[in-house]
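For reference, the structure is listed below as structure tokens.
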Amino acid sequence: MQKMNDDLEKIKSRFAEEYQSFIDVGKGWHQIIINLDKALSKLDPNYKIYQIKEKFGGLRYYCSSDNNKLAREIISEAEKVADKTCENCGKSGKLVTNNGWYYTCCVDCSSPESKLAGGIGFRSDDN
């Protein structure tokens, strides 16, 4: 766990000065973010991050690099992994909704007993 925290702190140090160094995603996506940072830093050790967040149930990673085209391809692959990963716990997940809120989560985290969304539960479109 400490290694993951150290990796996340390293990622926060890459944020451009004028932006808050805040990783606004659930812990289930942290390893995806760490793997993404490792790939991007190999491409460009000095790349800068502007924002990391969840939007409409998907991962969004905004940054600049000396090779923006290749960086965008690497980010796109990580976003595809996040699309199938529970943002809360990291298990296999899918996009679910509740009252206009979108979230990528597993069956356990989408149940009404879950603490997500105040315990009101999410539903997938195929339920």
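Identifiers in this document derive from the order of the structure tokens: chains are assigned A, B, ..., residues are numbered from 1 separately in each chain, and ligands are numbered from 1 in order of occurrence.
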
Distance query Ile75 (chain A) at most 9 Å, only C-alpha atoms, self and fewer than 2 positions along chain excluded, as an mmCIF file with C-alpha atoms, in the first residue's frame:
data_model
loop_
_atom_site.group_PDB
_atom_site.id
_atom_site.type_symbol
_atom_site.label_atom_id
_atom_site.label_comp_id
_atom_site.auth_asym_id
_atom_site.auth_seq_id
_atom_site.Cartn_x
_atom_site.Cartn_y
_atom_site.Cartn_z
ATOM 1 C CA LEU A 36 -0.310 5.020 -17.309
ATOM 2 C CA LEU A 40 3.954 8.249 -20.345
ATOM 3 C CA ARG A 60 -10.118 11.362 -18.122
ATOM 4 C CA TYR A 61 -6.375 12.097 -18.086
ATOM 5 C CA TYR A 62 -5.335 15.492 -19.422
ATOM 6 C CA LEU A 70 1.553 8.844 -29.014
ATOM 7 C CA ALA A 71 0.661 10.022 -25.496
ATOM 8 C CA ARG A 72 -2.995 10.256 -26.562
ATOM 9 C CA GLU A 73 -2.871 6.667 -27.834
ATOM 10 C CA GLU A 77 -5.724 2.417 -23.954
ATOM 11 C CA ALA A 78 -5.736 3.172 -20.216
ATOM 12 C CA GLU A 79 -9.210 4.721 -20.513
ATOM 13 C CA LYS A 80 -10.432 1.506 -22.173
#

Helix (DSSP H, G or I) per DSSP on the backbone: members of region 30-107 of chain A, as a PyMOL selection string: chain A and resi 30-43+68-82

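Checking A:Ser76, A:Ser21, A:Ser13, A:Asn35 one by one against Tyr47 (chain A), counting only C-alpha atoms, you find the shortest gap at A:Ser13.
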
Picked from chain A by DSSP as strand (DSSP E or B), as a VMD selection string: chain A and resid 15 23 to 24 48 to 55 58 to 64 85 92 94 to 98 101 to 105 123

Resulting file, chosen residues, N, CA and C atoms, as a compact mmCIF listing (two decimals), in the first residue's frame:
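Once everything was written out, this is part_34.txt:
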# COMPACT_ATOMS: atom_id res chain seq x y z
N PHE A 15 2.04 17.47 -11.94
CA PHE A 15 1.02 18.45 -12.30
C PHE A 15 1.67 19.79 -12.62
N ILE A 23 -5.82 13.89 -7.72
CA ILE A 23 -6.23 12.74 -8.53
C ILE A 23 -7.66 12.41 -8.13
N ASP A 24 -8.60 12.80 -8.97
CA ASP A 24 -10.03 12.72 -8.63
C ASP A 24 -10.68 11.47 -9.22
N LYS A 48 3.69 16.91 -18.46
CA LYS A 48 2.96 17.64 -17.41
C LYS A 48 1.50 17.21 -17.41
N ILE A 49 0.94 17.07 -16.22
CA ILE A 49 -0.46 16.70 -16.04
C ILE A 49 -1.26 17.96 -15.72
N TYR A 50 -2.46 18.04 -16.28
CA TYR A 50 -3.38 19.13 -15.98
C TYR A 50 -4.55 18.66 -15.12
N GLN A 51 -5.04 17.46 -15.40
CA GLN A 51 -6.19 16.97 -14.64
C GLN A 51 -6.31 15.46 -14.81
N ILE A 52 -6.68 14.80 -13.70
CA ILE A 52 -7.02 13.37 -13.71
C ILE A 52 -8.35 13.26 -13.00
N LYS A 53 -9.37 12.76 -13.69
CA LYS A 53 -10.69 12.71 -13.07
C LYS A 53 -11.56 11.64 -13.72
N GLU A 54 -12.71 11.43 -13.10
CA GLU A 54 -13.78 10.60 -13.66
C GLU A 54 -14.81 11.54 -14.24
N LYS A 55 -15.30 11.22 -15.43
CA LYS A 55 -16.37 12.00 -16.04
C LYS A 55 -17.29 11.04 -16.79
N GLY A 58 -16.18 7.48 -16.89
CA GLY A 58 -14.93 7.11 -17.55
C GLY A 58 -13.74 7.90 -17.02
N LEU A 59 -12.57 7.34 -17.21
CA LEU A 59 -11.33 8.00 -16.82
C LEU A 59 -11.00 9.10 -17.80
N ARG A 60 -10.61 10.26 -17.29
CA ARG A 60 -10.12 11.36 -18.12
C ARG A 60 -8.74 11.77 -17.58
N TYR A 61 -7.77 11.80 -18.46
CA TYR A 61 -6.37 12.10 -18.09
C TYR A 61 -5.87 13.15 -19.05
N TYR A 62 -5.74 14.37 -18.58
CA TYR A 62 -5.33 15.49 -19.42
C TYR A 62 -3.89 15.87 -19.12
N CYS A 63 -3.06 15.87 -20.17
CA CYS A 63 -1.66 16.19 -19.97
C CYS A 63 -1.07 16.72 -21.29
N SER A 64 0.18 17.15 -21.22
CA SER A 64 0.91 17.53 -22.43
C SER A 64 2.25 16.81 -22.43
N THR A 85 -13.27 -1.55 -15.44
CA THR A 85 -12.74 -1.74 -14.09
C THR A 85 -13.54 -0.93 -13.08
N SER A 92 -13.50 -6.35 -11.97
CA SER A 92 -14.12 -6.18 -13.28
C SER A 92 -15.45 -5.44 -13.12
N LYS A 94 -18.53 -2.46 -15.08
CA LYS A 94 -19.15 -1.90 -16.29
C LYS A 94 -19.87 -0.61 -15.91
N LEU A 95 -20.24 0.14 -16.93
CA LEU A 95 -20.91 1.42 -16.73
C LEU A 95 -22.32 1.18 -16.19
N VAL A 96 -22.65 1.88 -15.12
CA VAL A 96 -23.97 1.81 -14.52
C VAL A 96 -24.47 3.22 -14.26
N THR A 97 -25.78 3.38 -14.06
CA THR A 97 -26.35 4.70 -13.85
C THR A 97 -27.33 4.68 -12.69
N ASN A 98 -27.57 5.86 -12.15
CA ASN A 98 -28.61 6.06 -11.15
C ASN A 98 -28.96 7.54 -11.14
N TRP A 101 -26.53 9.87 -12.74
CA TRP A 101 -25.14 9.72 -12.36
C TRP A 101 -24.59 8.48 -13.01
N TYR A 102 -23.40 8.57 -13.59
CA TYR A 102 -22.74 7.45 -14.25
C TYR A 102 -21.53 7.03 -13.43
N TYR A 103 -21.31 5.73 -13.38
CA TYR A 103 -20.21 5.20 -12.59
C TYR A 103 -19.82 3.86 -13.18
N THR A 104 -18.54 3.55 -13.20
CA THR A 104 -18.09 2.22 -13.64
C THR A 104 -17.80 1.42 -12.38
N CYS A 105 -18.57 0.36 -12.19
CA CYS A 105 -18.38 -0.44 -10.98
C CYS A 105 -18.77 -1.90 -11.18
N ARG A 123 -27.71 0.91 -11.37
CA ARG A 123 -28.22 -0.17 -12.20
C ARG A 123 -27.53 -0.08 -13.56

Pull the closest atom pair for each residue of region 54-116 of chain A that gets at most 6 Å from region 25-33 of chain A, along with the distance in Å to one decimal, counting only C-alpha atoms, ordering rows by chain and then ascending residue number, as a tab-separated table.
residue	atom	partner	partner_atom	distance
A:Glu54	CA	A:Val25	CA	5.6
A:Cys86	CA	A:Gly28	CA	5.9
A:Glu87	CA	A:Gly28	CA	4.4
A:Asn88	CA	A:Gly28	CA	4.7
A:Cys89	CA	A:Gly28	CA	4.3
A:Gly90	CA	A:Gly28	CA	3.7

Skipping near chain neighbours, those fewer than 5 positions away, what residues fall within 9 Å of Asp7 (chain A) using only C-alpha atoms, listed as a PyMOL selection string? chain A and resi 2+12+34

Record the distance separating CA of Asp66 (chain A) and CA of Asp37 (chain A), expressed in Å with one decimal. 14.6 Å

Among listed residues A:Ser110, A:Asn67, A:Ala16, A:Phe22, nearest Ser41 (chain A) (using only C-alpha atoms):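 Ranking A:Ser110, A:Asn67, A:Ala16, A:Phe22 by distance to Ser41 (chain A), first place goes to A:Asn67.
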